[in-house]
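Colleague: Pasting protein_10.pdb below, which is PDB, C-alpha atoms.
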ATOM      1  CA  MET Y   1       0.000   0.000   0.000  1.00  0.00           C
ATOM      2  CA  THR Y   2       1.139   3.496  -0.728  1.00  0.00           C
ATOM      3  CA  LYS Y   3       1.210   6.114   1.993  1.00  0.00           C
ATOM      4  CA  GLU Y   4      -1.840   7.777   0.410  1.00  0.00           C
ATOM      5  CA  GLN Y   5      -3.800   4.480   0.484  1.00  0.00           C
ATOM      6  CA  VAL Y   6      -2.878   3.966   4.147  1.00  0.00           C
ATOM      7  CA  ASN Y   7      -4.076   7.488   4.980  1.00  0.00           C
ATOM      8  CA  ARG Y   8      -7.384   6.891   3.179  1.00  0.00           C
ATOM      9  CA  ALA Y   9      -7.851   3.564   4.967  1.00  0.00           C
ATOM     10  CA  ALA Y  10      -7.298   5.313   8.299  1.00  0.00           C
ATOM     11  CA  ASP Y  11     -10.201   7.660   7.488  1.00  0.00           C
ATOM     12  CA  ILE Y  12     -12.689   4.769   7.292  1.00  0.00           C
ATOM     13  CA  PRO Y  13     -14.902   4.628  10.395  1.00  0.00           C
ATOM     14  CA  PRO Y  14     -14.249   1.456  12.456  1.00  0.00           C
ATOM     15  CA  GLU Y  15     -17.906   0.367  12.324  1.00  0.00           C
ATOM     16  CA  TRP Y  16     -17.752   0.403   8.497  1.00  0.00           C
ATOM     17  CA  LEU Y  17     -14.678  -1.813   8.568  1.00  0.00           C
ATOM     18  CA  GLU Y  18     -16.396  -4.205  10.974  1.00  0.00           C
ATOM     19  CA  GLU Y  19     -19.426  -4.434   8.675  1.00  0.00           C
ATOM     20  CA  PHE Y  20     -17.205  -5.021   5.640  1.00  0.00           C
ATOM     21  CA  GLU Y  21     -15.212  -7.734   7.379  1.00  0.00           C
ATOM     22  CA  ALA Y  22     -18.391  -9.453   8.556  1.00  0.00           C
ATOM     23  CA  ALA Y  23     -19.807  -9.362   5.030  1.00  0.00           C
ATOM     24  CA  ALA Y  24     -16.557 -10.696   3.581  1.00  0.00           C
ATOM     25  CA  ARG Y  25     -16.781 -13.749   5.859  1.00  0.00           C
ATOM     26  CA  ARG Y  26     -20.249 -14.691   4.576  1.00  0.00           C
ATOM     27  CA  PRO Y  27     -20.514 -17.413   1.909  1.00  0.00           C
ATOM     28  CA  LEU Y  28     -20.715 -16.099  -1.652  1.00  0.00           C
ATOM     29  CA  ALA Y  29     -24.294 -17.351  -2.154  1.00  0.00           C
ATOM     30  CA  LEU Y  30     -25.476 -15.356   0.856  1.00  0.00           C
ATOM     31  CA  ARG Y  31     -23.584 -12.244  -0.253  1.00  0.00           C
ATOM     32  CA  MET Y  32     -25.208 -12.484  -3.690  1.00  0.00           C
ATOM     33  CA  ARG Y  33     -28.635 -12.862  -2.089  1.00  0.00           C
ATOM     34  CA  TYR Y  34     -28.130  -9.643  -0.122  1.00  0.00           C
ATOM     35  CA  ALA Y  35     -26.513  -7.787  -3.035  1.00  0.00           C
ATOM     36  CA  PHE Y  36     -29.625  -7.355  -5.162  1.00  0.00           C
ATOM     37  CA  ILE Y  37     -32.693  -5.555  -3.881  1.00  0.00           C
ATOM     38  CA  HIS Y  38     -35.819  -5.731  -6.014  1.00  0.00           C
ATOM     39  CA  THR Y  39     -37.558  -2.404  -6.288  1.00  0.00           C
ATOM     40  CA  TYR Y  40     -40.986  -2.218  -7.897  1.00  0.00           C
ATOM     41  CA  LYS Y  41     -40.886   0.012 -10.956  1.00  0.00           C
ATOM     42  CA  PRO Y  42     -44.331   1.318 -11.907  1.00  0.00           C
ATOM     43  CA  VAL Y  43     -45.450   0.464 -15.447  1.00  0.00           C
ATOM     44  CA  LEU Y  44     -42.194  -1.393 -16.256  1.00  0.00           C
ATOM     45  CA  ASP Y  45     -42.998  -4.223 -13.848  1.00  0.00           C
ATOM     46  CA  ASP Y  46     -46.689  -4.365 -14.725  1.00  0.00           C
ATOM     47  CA  ALA Y  47     -46.327  -6.479 -17.884  1.00  0.00           C
ATOM     48  CA  THR Y  48     -44.491  -9.726 -18.510  1.00  0.00           C
ATOM     49  CA  TYR Y  49     -42.757  -8.270 -21.578  1.00  0.00           C
ATOM     50  CA  ARG Y  50     -43.037  -5.574 -24.209  1.00  0.00           C
ATOM     51  CA  SER Y  51     -41.567  -5.470 -27.683  1.00  0.00           C
ATOM     52  CA  PHE Y  52     -41.045  -2.601 -30.075  1.00  0.00           C
ATOM     53  CA  GLU Y  53     -40.240  -2.489 -33.777  1.00  0.00           C
ATOM     54  CA  THR Y  54     -37.749   0.343 -33.422  1.00  0.00           C
ATOM     55  CA  MET Y  55     -35.722   2.096 -30.754  1.00  0.00           C
ATOM     56  CA  GLU Y  56     -37.604   5.302 -31.562  1.00  0.00           C
ATOM     57  CA  GLU Y  57     -40.922   3.572 -30.830  1.00  0.00           C
ATOM     58  CA  TYR Y  58     -39.499   2.352 -27.529  1.00  0.00           C
ATOM     59  CA  ARG Y  59     -38.261   5.833 -26.594  1.00  0.00           C
ATOM     60  CA  ARG Y  60     -41.641   7.421 -27.379  1.00  0.00           C
ATOM     61  CA  TRP Y  61     -43.351   4.780 -25.235  1.00  0.00           C
ATOM     62  CA  CYS Y  62     -40.977   5.486 -22.345  1.00  0.00           C
ATOM     63  CA  GLU Y  63     -41.583   9.240 -22.525  1.00  0.00           C
ATOM     64  CA  LYS Y  64     -45.344   8.777 -22.637  1.00  0.00           C
ATOM     65  CA  ASN Y  65     -45.739   6.046 -19.998  1.00  0.00           C
ATOM     66  CA  LEU Y  66     -42.905   6.074 -17.473  1.00  0.00           C
ATOM     67  CA  PRO Y  67     -42.468   8.408 -14.505  1.00  0.00           C
ATOM     68  CA  MET Y  68     -39.553  10.831 -14.898  1.00  0.00           C
ATOM     69  CA  TRP Y  69     -37.833   9.569 -11.736  1.00  0.00           C
ATOM     70  CA  LEU Y  70     -37.119   6.203 -13.371  1.00  0.00           C
ATOM     71  CA  GLY Y  71     -34.660   7.958 -15.663  1.00  0.00           C
ATOM     72  CA  TYR Y  72     -35.887   6.737 -19.049  1.00  0.00           C
ATOM     73  CA  ALA Y  73     -36.731  10.194 -20.421  1.00  0.00           C
ATOM     74  CA  ARG Y  74     -34.658  11.951 -23.045  1.00  0.00           C
ATOM     75  CA  LEU Y  75     -32.714  14.986 -22.011  1.00  0.00           C
TER      76      LEU Y  75
END
What do you get writing this file as structure tokens?
Modeller:
Amino acid sequence: MTKEQVNRAADIPPEWLEEFEAAARRPLALRMRYAFIHTYKPVLDDATYRSFETMEEYRRWCEKNLPMWLGYARL
């Protein structure tokens, strides 16, 4: 480790290090289970699938149907 890396590591709160070390000891399958959190996304999660002929058609559908906070709108 470089001196800069050591200094940055010293800035990490001890409780964060304890949590990291505890997580690192868990089996991989358990870590993967905790790694992904399903969040319901209105409209997107309401249908099994959707298909579009073109990307432009898909983009228009997103702008018309999805809430802005999901981040699918054009800038």
Colleague: State, in Å with one decimal place, the distance from CA of Ser51 in chain Y to CA of Phe36 in chain Y.
Modeller: 25.6 Å
Colleague: What's the separation between CA of Pro67 in chain Y and CA of Phe52 in chain Y, in Å to one decimal place?
Modeller: 19.1 Å
Colleague: If I take CA of Tyr72 in chain Y and CA of Ile37 in chain Y, how far is one from the other in Å, to one decimal?
Modeller: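 Separating CA of Tyr72 in chain Y from CA of Ile37 in chain Y is a distance of 19.8 Å.
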Colleague: Kindly resolve the PyMOL selection byres ((chain Y and resi 39-48) around 8) on the present coordinates and return the residues as a list in words.
Modeller: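 Taken over the shown coordinates, the PyMOL selection byres ((chain Y and resi 39-48) around 8) returns Ile37, His38, Tyr49, Arg50, Asn65, Leu66, Pro67 and Leu70 of chain Y.
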Colleague: Evaluating the PyMOL selection byres ((chain Y and resi 74) around 10) on the displayed file yields which residues, as JSON, numbers by chain?
Modeller: {"Y": [59, 60, 62, 63, 68, 71, 72, 73, 75]}
Colleague: Box time for range 36-43 of chain Y: axis-aligned, enclosing all its listed atoms, 4 Å extra on each side; report centre and edge lengths in Å to one decimal, as JSON.
Modeller:
{"center_x": -37.5, "center_y": -3.0, "center_z": -9.7, "size_x": 23.8, "size_y": 16.7, "size_z": 19.6}
